[in-house]
file data-v2.cif (mmCIF, C-alpha atoms)
data_run
#
loop_
_atom_site.label_atom_id
_atom_site.label_comp_id
_atom_site.auth_asym_id
_atom_site.auth_seq_id
_atom_site.Cartn_x
_atom_site.Cartn_y
_atom_site.Cartn_z
CA MET A 1 -23.09 5.16 -12.60
CA ARG A 2 -19.75 4.49 -14.28
CA SER A 3 -17.60 1.66 -13.05
CA TRP A 4 -14.49 -0.14 -14.16
CA GLN A 5 -15.30 -3.83 -14.65
CA ILE A 6 -13.17 -6.94 -15.10
CA THR A 7 -15.21 -9.35 -17.21
CA ALA A 8 -12.79 -12.30 -17.37
CA PHE A 9 -9.37 -13.19 -16.01
CA GLY A 10 -6.63 -12.14 -18.41
CA GLU A 11 -4.47 -9.25 -19.52
CA PRO A 12 -5.93 -5.96 -18.23
CA ARG A 13 -6.22 -4.35 -21.67
CA ASP A 14 -8.17 -7.37 -22.91
CA VAL A 15 -10.65 -7.76 -20.05
CA ALA A 16 -11.04 -4.36 -18.32
CA GLY A 17 -13.19 -1.39 -19.29
CA VAL A 18 -15.61 1.27 -18.07
CA VAL A 19 -19.31 0.40 -18.17
CA GLU A 20 -22.61 1.82 -16.92
CA VAL A 21 -24.07 -0.13 -14.00
CA ALA A 22 -26.90 0.42 -11.54
CA ASP A 23 -26.25 2.55 -8.46
CA PRO A 24 -25.71 0.34 -5.38
CA GLU A 25 -28.00 0.44 -2.36
CA PRO A 26 -26.63 -0.08 1.17
CA GLY A 27 -27.71 -3.23 2.97
CA PRO A 28 -27.89 -3.52 6.76
CA GLY A 29 -24.53 -2.58 8.25
CA GLU A 30 -23.28 -1.12 4.97
CA VAL A 31 -22.48 2.31 3.59
CA VAL A 32 -22.39 3.54 0.02
CA VAL A 33 -19.37 5.79 -0.49
CA ALA A 34 -18.79 8.25 -3.34
CA PRO A 35 -15.02 7.97 -3.91
CA ARG A 36 -13.05 11.13 -4.52
CA PHE A 37 -9.84 9.17 -5.14
CA ALA A 38 -8.96 5.48 -5.43
CA GLY A 39 -5.52 3.96 -5.11
CA LEU A 40 -3.97 1.75 -7.79
CA ALA A 41 -1.73 -1.18 -6.87
CA PHE A 42 0.36 -3.91 -8.47
CA ALA A 43 -2.06 -6.37 -6.88
CA ASP A 44 -4.84 -5.01 -9.14
CA THR A 45 -3.15 -6.47 -12.22
CA VAL A 46 -2.29 -9.72 -10.45
CA MET A 47 -5.95 -10.16 -9.49
CA CYS A 48 -7.06 -9.22 -13.00
CA ARG A 49 -4.96 -12.06 -14.40
CA GLY A 50 -6.49 -14.51 -11.92
CA LEU A 51 -3.15 -14.97 -10.13
CA TYR A 52 -4.04 -13.34 -6.80
CA GLN A 53 -4.29 -15.56 -3.72
CA ASP A 54 -8.06 -14.98 -3.67
CA ARG A 55 -10.34 -14.56 -6.67
CA PRO A 56 -13.45 -12.36 -6.71
CA GLU A 57 -16.53 -13.46 -8.60
CA LEU A 58 -16.75 -12.20 -12.17
CA PRO A 59 -17.52 -9.58 -13.27
CA TYR A 60 -16.04 -7.32 -10.61
CA ALA A 61 -14.94 -3.73 -10.08
CA PRO A 62 -11.20 -3.52 -9.25
CA GLY A 63 -9.59 -1.27 -6.65
CA PHE A 64 -8.48 -2.02 -3.09
CA GLU A 65 -8.74 1.41 -1.44
CA LEU A 66 -10.48 4.76 -1.62
CA SER A 67 -11.08 8.09 0.05
CA GLY A 68 -14.43 9.77 -0.30
CA VAL A 69 -17.73 10.81 1.22
CA VAL A 70 -20.55 8.69 2.61
CA HIS A 71 -23.42 8.83 0.10
CA ALA A 72 -25.94 6.63 1.95
CA ALA A 73 -26.01 4.46 5.06
CA GLY A 74 -27.88 1.25 5.79
CA VAL A 75 -29.72 0.17 8.91
CA GLY A 76 -27.54 0.03 12.02
CA VAL A 77 -24.81 2.34 10.70
CA ASP A 78 -23.63 5.41 12.63
CA LEU A 79 -21.88 7.09 9.69
CA THR A 80 -24.05 9.79 8.17
CA PRO A 81 -24.16 11.05 4.57
CA GLY A 82 -21.50 13.66 3.94
CA THR A 83 -18.96 12.14 6.35
CA ARG A 84 -15.42 12.03 4.95
CA VAL A 85 -14.03 8.49 5.11
CA LEU A 86 -11.12 6.28 4.25
CA ALA A 87 -12.38 2.86 3.17
CA ILE A 88 -11.45 -0.60 1.92
CA PRO A 89 -13.98 -2.37 -0.31
CA ASP A 90 -14.74 -5.99 0.56
CA LEU A 91 -12.67 -7.32 -2.34
CA PRO A 92 -12.12 -10.21 -2.61
CA PRO A 93 -14.38 -12.20 -2.36
CA GLY A 94 -16.87 -9.49 -3.30
CA ARG A 95 -17.31 -7.76 -6.64
CA ARG A 96 -17.34 -4.16 -5.41
CA GLY A 97 -13.97 -2.46 -5.75
CA ALA A 98 -12.97 1.18 -5.43
CA LEU A 99 -12.94 2.11 -9.12
CA SER A 100 -16.61 3.06 -9.33
CA GLU A 101 -18.51 6.31 -8.87
CA LEU A 102 -20.37 4.70 -5.93
CA VAL A 103 -19.17 1.77 -3.82
CA ALA A 104 -21.17 -0.26 -1.28
CA LEU A 105 -19.04 -1.72 1.50
CA PRO A 106 -19.30 -2.88 5.14
CA ALA A 107 -19.40 0.10 7.48
CA GLY A 108 -16.65 -1.53 9.54
CA ASN A 109 -14.32 -1.13 6.57
CA ALA A 110 -14.55 2.66 6.75
CA VAL A 111 -12.89 5.07 9.18
CA VAL A 112 -13.56 8.78 9.53
CA LEU A 113 -11.03 10.88 7.63
CA PRO A 114 -9.76 13.97 9.48
CA GLY A 115 -10.38 17.23 7.69
CA SER A 116 -6.65 17.99 7.76
CA VAL A 117 -5.90 15.09 5.38
CA PRO A 118 -6.79 15.83 1.73
CA PHE A 119 -8.53 13.16 -0.29
CA ASP A 120 -5.73 12.59 -2.81
CA LEU A 121 -3.13 11.90 -0.11
CA ALA A 122 -5.59 9.83 1.91
CA ALA A 123 -6.07 7.37 -0.97
CA ALA A 124 -2.42 6.35 -0.53
CA LEU A 125 -2.92 5.27 3.08
CA PRO A 126 -5.13 2.14 3.37
CA ASN A 127 -2.92 -0.26 1.45
CA ASN A 128 0.65 1.07 1.37
CA TYR A 129 0.92 2.92 4.67
CA VAL A 130 -1.07 0.46 6.76
CA THR A 131 0.93 -2.41 5.24
CA ALA A 132 4.19 -0.63 6.06
CA HIS A 133 2.98 0.18 9.57
CA LEU A 134 2.00 -3.45 10.27
CA ALA A 135 5.31 -4.58 8.78
CA LEU A 136 7.53 -2.29 10.84
CA HIS A 137 5.68 -2.25 14.14
CA ARG A 138 3.54 -5.39 14.39
CA ARG A 139 5.68 -7.90 12.50
CA GLY A 140 9.08 -6.21 12.56
CA ARG A 141 9.04 -5.00 16.20
CA LEU A 142 11.02 -1.94 15.17
CA ARG A 143 12.83 -0.10 17.93
CA ARG A 144 14.17 3.44 17.94
CA GLY A 145 17.76 3.60 16.76
CA GLU A 146 17.65 0.39 14.71
CA THR A 147 18.72 0.28 11.06
CA VAL A 148 16.06 -0.44 8.43
CA LEU A 149 16.86 -1.42 4.85
CA VAL A 150 13.95 -0.64 2.51
CA HIS A 151 13.83 -2.17 -0.97
CA GLY A 152 11.80 -0.46 -3.68
CA ALA A 153 12.02 2.60 -1.47
CA ALA A 154 10.53 5.02 -4.00
CA GLY A 155 7.44 2.88 -4.62
CA GLY A 156 4.15 2.80 -2.75
CA VAL A 157 4.95 0.50 0.19
CA GLY A 158 8.63 1.43 0.09
CA SER A 159 8.15 5.19 0.38
CA ALA A 160 5.60 4.61 3.15
CA ALA A 161 8.10 2.43 5.01
CA VAL A 162 10.80 5.09 4.69
CA GLU A 163 8.54 7.76 6.18
CA LEU A 164 7.20 5.54 8.97
CA ALA A 165 10.66 4.27 9.92
CA VAL A 166 12.05 7.81 10.05
CA ALA A 167 9.05 8.88 12.17
CA ALA A 168 9.82 5.99 14.55
CA GLY A 169 13.41 7.14 15.05
CA ALA A 170 15.10 4.44 12.96
CA ARG A 171 18.10 4.87 10.67
CA VAL A 172 16.94 4.19 7.11
CA VAL A 173 18.91 2.81 4.16
CA ALA A 174 16.81 3.21 1.00
CA ALA A 175 17.56 0.98 -2.01
CA VAL A 176 16.33 2.32 -5.37
CA SER A 177 17.12 2.36 -9.09
CA GLY A 178 18.01 5.72 -10.62
CA GLU A 179 18.76 9.24 -9.45
CA GLU A 180 15.16 10.50 -9.56
CA LYS A 181 14.08 7.81 -7.11
CA ALA A 182 17.17 8.42 -4.98
CA ARG A 183 16.32 12.11 -4.78
CA LEU A 184 12.78 11.29 -3.65
CA CYS A 185 14.05 9.07 -0.83
CA ARG A 186 16.41 11.75 0.39
CA ASP A 187 13.47 14.15 0.47
CA LEU A 188 11.51 11.59 2.53
CA GLY A 189 14.28 11.56 5.14
CA ALA A 190 16.28 8.44 4.31
CA HIS A 191 19.70 8.65 5.94
CA VAL A 192 21.52 6.61 3.29
CA VAL A 193 20.38 6.04 -0.30
CA VAL A 194 21.89 3.36 -2.51
CA ASP A 195 21.27 3.14 -6.26
CA TYR A 196 21.55 -0.60 -6.82
CA THR A 197 22.11 -0.13 -10.54
CA LYS A 198 25.47 1.40 -9.61
CA GLN A 199 26.23 0.19 -6.08
CA ASP A 200 25.98 -3.00 -4.06
CA PHE A 201 23.34 -2.49 -1.37
CA VAL A 202 24.86 -5.31 0.68
CA GLY A 203 28.18 -3.51 0.96
CA THR A 204 26.48 -0.19 1.69
CA VAL A 205 24.43 -1.65 4.55
CA LEU A 206 27.44 -3.40 6.09
CA GLU A 207 29.54 -0.26 5.82
CA THR A 208 26.77 1.90 7.30
CA THR A 209 26.30 -0.44 10.27
CA GLY A 210 29.94 -1.20 10.94
CA GLY A 211 29.50 -4.75 9.69
CA ARG A 212 26.53 -5.57 11.93
CA GLY A 213 23.83 -5.49 9.24
CA ALA A 214 20.25 -4.22 9.07
CA ASP A 215 17.97 -4.96 11.99
CA VAL A 216 14.89 -4.87 9.76
CA VAL A 217 14.63 -5.41 6.00
CA VAL A 218 11.42 -4.25 4.32
CA ASP A 219 11.00 -6.20 1.07
CA PRO A 220 8.02 -5.41 -1.18
CA VAL A 221 10.11 -6.42 -4.24
CA GLY A 222 11.16 -10.07 -3.94
CA GLY A 223 13.47 -11.83 -6.36
CA ARG A 224 17.18 -11.14 -6.06
CA ALA A 225 16.68 -8.32 -3.56
CA PHE A 226 15.13 -10.83 -1.15
CA GLU A 227 17.85 -13.42 -1.72
CA ARG A 228 20.75 -10.99 -1.29
CA SER A 229 19.26 -9.38 1.81
CA ARG A 230 20.38 -12.40 3.83
CA ARG A 231 23.98 -11.23 3.27
CA CYS A 232 23.46 -7.98 5.16
CA ILE A 233 20.95 -8.76 7.88
CA ALA A 234 21.90 -8.48 11.54
CA VAL A 235 21.81 -11.26 14.09
CA GLU A 236 18.20 -11.39 15.33
CA GLY A 237 17.22 -9.29 12.32
CA ARG A 238 13.75 -9.45 10.75
CA LEU A 239 13.39 -9.90 6.99
CA LEU A 240 9.85 -8.77 6.15
CA VAL A 241 8.28 -10.42 3.10
CA ILE A 242 5.60 -8.16 1.57
CA GLY A 243 5.46 -8.71 -2.19
CA PHE A 244 7.02 -10.28 -5.28
CA PRO A 245 6.87 -8.02 -8.38
CA ALA A 246 10.46 -9.10 -9.14
CA GLY A 247 9.65 -12.78 -8.58
CA ILE A 248 9.47 -15.10 -5.58
CA GLY A 249 12.92 -15.43 -4.05
CA THR A 250 14.20 -18.42 -2.11
CA ILE A 251 16.43 -18.91 0.92
CA ARG A 252 17.65 -22.26 2.21
CA ALA A 253 16.14 -22.95 5.61
CA ASN A 254 19.51 -23.40 7.25
CA HIS A 255 20.57 -19.81 6.66
CA PRO A 256 18.16 -18.14 9.13
CA LEU A 257 19.39 -20.73 11.64
CA LEU A 258 23.08 -20.02 11.02
CA ARG A 259 22.60 -16.25 11.23
CA SER A 260 19.77 -16.39 13.80
CA TYR A 261 17.39 -14.09 11.93
CA SER A 262 13.70 -14.32 11.11
CA VAL A 263 11.87 -14.36 7.78
CA VAL A 264 8.46 -12.83 8.50
CA GLY A 265 5.40 -12.66 6.25
CA VAL A 266 3.30 -9.47 6.16
CA ASN A 267 -0.23 -9.58 4.76
CA ARG A 268 -2.39 -6.57 5.57
CA ASP A 269 -5.59 -8.24 4.44
CA VAL A 270 -5.09 -11.17 6.80
CA HIS A 271 -5.00 -8.71 9.69
CA ARG A 272 -8.07 -6.90 8.31
CA ARG A 273 -10.09 -10.10 8.11
CA LEU A 274 -8.79 -12.05 11.11
CA GLN A 275 -7.46 -9.33 13.46
CA PRO A 276 -9.67 -6.32 12.73
CA ASP A 277 -8.72 -4.53 15.96
CA VAL A 278 -5.01 -4.76 15.05
CA HIS A 279 -5.71 -3.51 11.53
CA ARG A 280 -7.88 -0.64 12.74
CA ALA A 281 -5.29 0.46 15.30
CA ALA A 282 -2.68 0.66 12.52
CA GLN A 283 -5.10 2.67 10.34
CA LEU A 284 -5.80 5.14 13.11
CA ASP A 285 -2.11 5.56 13.96
CA VAL A 286 -1.30 6.24 10.30
CA LEU A 287 -4.13 8.78 10.12
CA ASP A 288 -2.90 10.50 13.29
CA LEU A 289 0.65 10.74 11.92
CA CYS A 290 -0.60 12.05 8.59
CA SER A 291 -2.90 14.58 10.26
CA ALA A 292 0.00 15.79 12.42
CA GLY A 293 2.21 16.29 9.36
CA ALA A 294 4.66 13.49 10.23
CA LEU A 295 3.69 11.70 7.00
CA ARG A 296 3.21 13.31 3.62
CA PRO A 297 2.44 10.64 1.01
CA VAL A 298 3.93 11.18 -2.43
CA VAL A 299 1.17 10.70 -5.00
CA GLN A 300 0.85 10.82 -8.78
CA GLU A 301 -2.65 11.52 -10.04
CA ILE A 302 -4.40 10.18 -13.13
CA GLY A 303 -7.96 10.45 -14.41
CA PHE A 304 -10.70 7.85 -14.16
CA ASP A 305 -10.35 6.86 -17.82
CA GLU A 306 -6.56 6.42 -17.55
CA VAL A 307 -6.53 3.34 -15.29
CA LEU A 308 -5.04 1.01 -17.91
CA ASP A 309 -2.17 3.44 -18.51
CA GLY A 310 -1.69 3.63 -14.75
CA TRP A 311 -1.37 -0.12 -14.40
CA ASP A 312 1.21 -0.10 -17.21
CA LEU A 313 3.24 2.49 -15.31
CA ILE A 314 3.10 0.43 -12.11
CA GLU A 315 4.23 -2.75 -13.86
CA ALA A 316 7.07 -0.84 -15.55
CA ARG A 317 8.10 0.49 -12.09
CA LYS A 318 7.82 4.07 -13.31
CA VAL A 319 5.66 5.38 -10.46
CA LEU A 320 7.14 7.49 -7.68
CA GLY A 321 5.20 6.97 -4.49
CA LYS A 322 1.53 6.08 -4.99
CA LEU A 323 -0.60 6.28 -8.12
CA VAL A 324 -4.11 7.56 -7.35
CA VAL A 325 -7.15 7.87 -9.59
CA ARG A 326 -9.37 10.94 -9.45
CA VAL A 327 -12.86 9.42 -9.45
CA SER A 328 -14.90 12.58 -8.82
CA GLY A 329 -14.42 16.14 -7.61
CA ASP A 330 -11.58 18.46 -8.54
CA ASP A 331 -10.60 19.91 -5.15
CA HIS A 332 -7.65 18.01 -3.65
CA SER A 333 -8.24 19.54 -0.21
CA LEU A 334 -12.01 19.04 -0.24
CA ARG A 335 -13.30 18.76 3.32
CA GLY A 336 -16.80 17.51 2.67
CA GLY A 337 -19.53 16.56 0.15
#

call {"tool": "encode", "arguments": {"input": "data-v2.cif", "output": "structure tokens"}}
result
Amino acid sequence: MRSWQITAFGEPRDVAGVVEVADPEPGPGEVVVAPRFAGLAFADTVMCRGLYQDRPELPYAPGFELSGVVHAAGVGVDLTPGTRVLAIPDLPPGRRGALSELVALPAGNAVVLPGSVPFDLAAALPNNYVTAHLALHRRGRLRRGETVLVHGAAGGVGSAAVELAVAAGARVVAAVSGEEKARLCRDLGAHVVVDYTKQDFVGTVLETTGGRGADVVVDPVGGRAFERSRRCIAVEGRLLVIGFPAGIGTIRANHPLLRSYSVVGVNRDVHRRLQPDVHRAAQLDVLDLCSAGALRPVVQEIGFDEVLDGWDLIEARKVLGKLVVRVSGDDHSLRGG
């Protein structure tokens, strides 16, 4: 089979490529899945450079998420060949990521994918939407009627957070750069959109809330967006730390005390590994919302051989929504094998 492989830690174009490897066999408690689509993420390039919080053994296949069909099942597994699934490879510490024509993974990492959710849209769910769900509901304790400020609101986690917050009855302020991204967020249901290349998001949030500030701030960006968010967060607000593509921001410890707000870390993989029931409940809720039409992920599709170009687009912040890789099959609404 064909598989993307990272052979050393370094720049993706220097260490990543497609190779032929042996087909995997499922061990006890495992399934082998034939991906239809795999999701690409900023974390893929961070891991490739050896800068991720955990390192897989080399060489490894990248890719944190996939949608596809069960190809084979090991002993003790209830999933049967042909079952549509949403799955997360065991990476890290394993070597078996989503960007392969066949992927062996623990059966517990797969959930049945409803027939109403097409494979291309489903590939956007395991990382971005489950992260946003855990952020808003588990860590952010979002309540109906609250105001949510979403940074990077046209990106993968950001667009997911906009949709999920709107579905939860919150008022959403989406912060983006450029009119194309602003237009996308309006289409997703954001109530207020601020282009921070032209406007001050702090002033917009304070004006929108009558000076009270945002109850929840979703920050998958970091850097200056994180640091300035403290100027427009409400008393007892929750500033949700999700990622740092713009750099790791800092806040003096006395400021949350003076304003009585919380800075809260959100790590989906920690929940997956240490609180699997919490993670699975978020997955299932996201799937239910998507199946019911309350969520409609925005995806951009590329081919299997275009992964390096895709990572370049992500790092240049030129992706709207989620970038997904077509691994096999050409029917976006495929319901089975």

call {"tool": "residues_around", "arguments": {"input": "data-v2.cif", "residues": "His71 of chain A", "least_positions_apart": "4", "cutoff": "9 Å", "atoms": "only C-alpha atoms", "output": "ChimeraX atom specification"}}
result
/A:31-34,80-83,102,337

call {"tool": "closest_atom_pairs", "arguments": {"input": "data-v2.cif", "of": "segment 239-290 of chain A", "to": "segment 118-123 of chain A", "cutoff": "12 Å", "atoms": "all atoms listed in the file", "output": "tab-separated table"}}
result
residue	atom	partner	partner_atom	distance
A:Gln283	CA	A:Ala122	CA	11.1
A:Val286	CA	A:Ala122	CA	10.1
A:Leu287	CA	A:Ala122	CA	8.4
A:Asp288	CA	A:Ala122	CA	11.7
A:Leu289	CA	A:Ala122	CA	11.8
A:Cys290	CA	A:Ala122	CA	8.6

call {"tool": "atom_distance", "arguments": {"input": "data-v2.cif", "atom1": "atom CA of Gly76 of chain A", "atom2": "atom CA of Gly29 of chain A"}}
result
5.5 Å

call {"tool": "resolve_selection", "arguments": {"input": "data-v2.cif", "expression": "the PyMOL selection byres ((chain A and resi 111) around 8)", "output": "JSON, numbers by chain"}}
result
{"A": [85, 86, 87, 108, 109, 110, 112, 113]}

call {"tool": "atom_distance", "arguments": {"input": "data-v2.cif", "atom1": "atom CA of Glu65 of chain A", "atom2": "atom CA of Asn127 of chain A"}}
result
6.7 Å

call {"tool": "resolve_selection", "arguments": {"input": "data-v2.cif", "expression": "the PyMOL selection byres ((chain A and resi 132-135) around 8)", "output": "list in words"}}
result
Asn128, Tyr129, Val130, Thr131, Leu136, His137, Arg138, Arg139, Gly140, Val157, Gly158, Ala160, Ala161, Leu164, Val218, Leu240, Val266, Arg268, His279, Ala282 and Val286 of chain A

call {"tool": "write_last_selection", "arguments": {"input": "data-v2.cif", "atoms": "C-alpha atoms", "output": "mmCIF file, keeping the file's coordinate frame"}}
result
data_model
loop_
_atom_site.group_PDB
_atom_site.id
_atom_site.type_symbol
_atom_site.label_atom_id
_atom_site.label_comp_id
_atom_site.auth_asym_id
_atom_site.auth_seq_id
_atom_site.Cartn_x
_atom_site.Cartn_y
_atom_site.Cartn_z
ATOM 1 C CA ASN A 128 0.650 1.070 1.370
ATOM 2 C CA TYR A 129 0.920 2.920 4.670
ATOM 3 C CA VAL A 130 -1.070 0.460 6.760
ATOM 4 C CA THR A 131 0.930 -2.410 5.240
ATOM 5 C CA LEU A 136 7.530 -2.290 10.840
ATOM 6 C CA HIS A 137 5.680 -2.250 14.140
ATOM 7 C CA ARG A 138 3.540 -5.390 14.390
ATOM 8 C CA ARG A 139 5.680 -7.900 12.500
ATOM 9 C CA GLY A 140 9.080 -6.210 12.560
ATOM 10 C CA VAL A 157 4.950 0.500 0.190
ATOM 11 C CA GLY A 158 8.630 1.430 0.090
ATOM 12 C CA ALA A 160 5.600 4.610 3.150
ATOM 13 C CA ALA A 161 8.100 2.430 5.010
ATOM 14 C CA LEU A 164 7.200 5.540 8.970
ATOM 15 C CA VAL A 218 11.420 -4.250 4.320
ATOM 16 C CA LEU A 240 9.850 -8.770 6.150
ATOM 17 C CA VAL A 266 3.300 -9.470 6.160
ATOM 18 C CA ARG A 268 -2.390 -6.570 5.570
ATOM 19 C CA HIS A 279 -5.710 -3.510 11.530
ATOM 20 C CA ALA A 282 -2.680 0.660 12.520
ATOM 21 C CA VAL A 286 -1.300 6.240 10.300
#

call {"tool": "resolve_selection", "arguments": {"input": "data-v2.cif", "expression": "the PyMOL selection byres ((chain A and resi 44-60) around 12)", "output": "PDB file with C-alpha atoms, keeping the file's coordinate frame"}}
result
ATOM      1  CA  SER A   3     -17.600   1.660 -13.050  1.00  0.00           C
ATOM      2  CA  TRP A   4     -14.490  -0.140 -14.160  1.00  0.00           C
ATOM      3  CA  GLN A   5     -15.300  -3.830 -14.650  1.00  0.00           C
ATOM      4  CA  ILE A   6     -13.170  -6.940 -15.100  1.00  0.00           C
ATOM      5  CA  THR A   7     -15.210  -9.350 -17.210  1.00  0.00           C
ATOM      6  CA  ALA A   8     -12.790 -12.300 -17.370  1.00  0.00           C
ATOM      7  CA  PHE A   9      -9.370 -13.190 -16.010  1.00  0.00           C
ATOM      8  CA  GLY A  10      -6.630 -12.140 -18.410  1.00  0.00           C
ATOM      9  CA  GLU A  11      -4.470  -9.250 -19.520  1.00  0.00           C
ATOM     10  CA  PRO A  12      -5.930  -5.960 -18.230  1.00  0.00           C
ATOM     11  CA  ARG A  13      -6.220  -4.350 -21.670  1.00  0.00           C
ATOM     12  CA  ASP A  14      -8.170  -7.370 -22.910  1.00  0.00           C
ATOM     13  CA  VAL A  15     -10.650  -7.760 -20.050  1.00  0.00           C
ATOM     14  CA  ALA A  16     -11.040  -4.360 -18.320  1.00  0.00           C
ATOM     15  CA  GLY A  17     -13.190  -1.390 -19.290  1.00  0.00           C
ATOM     16  CA  VAL A  18     -15.610   1.270 -18.070  1.00  0.00           C
ATOM     17  CA  VAL A  19     -19.310   0.400 -18.170  1.00  0.00           C
ATOM     18  CA  VAL A  21     -24.070  -0.130 -14.000  1.00  0.00           C
ATOM     19  CA  ALA A  38      -8.960   5.480  -5.430  1.00  0.00           C
ATOM     20  CA  GLY A  39      -5.520   3.960  -5.110  1.00  0.00           C
ATOM     21  CA  LEU A  40      -3.970   1.750  -7.790  1.00  0.00           C
ATOM     22  CA  ALA A  41      -1.730  -1.180  -6.870  1.00  0.00           C
ATOM     23  CA  PHE A  42       0.360  -3.910  -8.470  1.00  0.00           C
ATOM     24  CA  ALA A  43      -2.060  -6.370  -6.880  1.00  0.00           C
ATOM     25  CA  ALA A  61     -14.940  -3.730 -10.080  1.00  0.00           C
ATOM     26  CA  PRO A  62     -11.200  -3.520  -9.250  1.00  0.00           C
ATOM     27  CA  GLY A  63      -9.590  -1.270  -6.650  1.00  0.00           C
ATOM     28  CA  PHE A  64      -8.480  -2.020  -3.090  1.00  0.00           C
ATOM     29  CA  GLU A  65      -8.740   1.410  -1.440  1.00  0.00           C
ATOM     30  CA  PRO A  89     -13.980  -2.370  -0.310  1.00  0.00           C
ATOM     31  CA  ASP A  90     -14.740  -5.990   0.560  1.00  0.00           C
ATOM     32  CA  LEU A  91     -12.670  -7.320  -2.340  1.00  0.00           C
ATOM     33  CA  PRO A  92     -12.120 -10.210  -2.610  1.00  0.00           C
ATOM     34  CA  PRO A  93     -14.380 -12.200  -2.360  1.00  0.00           C
ATOM     35  CA  GLY A  94     -16.870  -9.490  -3.300  1.00  0.00           C
ATOM     36  CA  ARG A  95     -17.310  -7.760  -6.640  1.00  0.00           C
ATOM     37  CA  ARG A  96     -17.340  -4.160  -5.410  1.00  0.00           C
ATOM     38  CA  GLY A  97     -13.970  -2.460  -5.750  1.00  0.00           C
ATOM     39  CA  ALA A  98     -12.970   1.180  -5.430  1.00  0.00           C
ATOM     40  CA  LEU A  99     -12.940   2.110  -9.120  1.00  0.00           C
ATOM     41  CA  SER A 100     -16.610   3.060  -9.330  1.00  0.00           C
ATOM     42  CA  VAL A 103     -19.170   1.770  -3.820  1.00  0.00           C
ATOM     43  CA  ASN A 127      -2.920  -0.260   1.450  1.00  0.00           C
ATOM     44  CA  GLY A 243       5.460  -8.710  -2.190  1.00  0.00           C
ATOM     45  CA  PHE A 244       7.020 -10.280  -5.280  1.00  0.00           C
ATOM     46  CA  PRO A 245       6.870  -8.020  -8.380  1.00  0.00           C
ATOM     47  CA  ASN A 267      -0.230  -9.580   4.760  1.00  0.00           C
ATOM     48  CA  ASP A 269      -5.590  -8.240   4.440  1.00  0.00           C
ATOM     49  CA  VAL A 270      -5.090 -11.170   6.800  1.00  0.00           C
ATOM     50  CA  VAL A 307      -6.530   3.340 -15.290  1.00  0.00           C
ATOM     51  CA  LEU A 308      -5.040   1.010 -17.910  1.00  0.00           C
ATOM     52  CA  ASP A 309      -2.170   3.440 -18.510  1.00  0.00           C
ATOM     53  CA  GLY A 310      -1.690   3.630 -14.750  1.00  0.00           C
ATOM     54  CA  TRP A 311      -1.370  -0.120 -14.400  1.00  0.00           C
ATOM     55  CA  ASP A 312       1.210  -0.100 -17.210  1.00  0.00           C
ATOM     56  CA  LEU A 313       3.240   2.490 -15.310  1.00  0.00           C
ATOM     57  CA  ILE A 314       3.100   0.430 -12.110  1.00  0.00           C
ATOM     58  CA  GLU A 315       4.230  -2.750 -13.860  1.00  0.00           C
TER      59      GLU A 315
END

call {"tool": "atom_distance", "arguments": {"input": "data-v2.cif", "atom1": "atom CA of Gly329 of chain A", "atom2": "atom CA of Glu20 of chain A"}}
result
18.9 Å

call {"tool": "closest_residue", "arguments": {"input": "data-v2.cif", "among": "A:Val150, A:Val77, A:Val325, A:Val263", "to": "Ala174 of chain A", "atoms": "all atoms listed in the file"}}
result
A:Val150
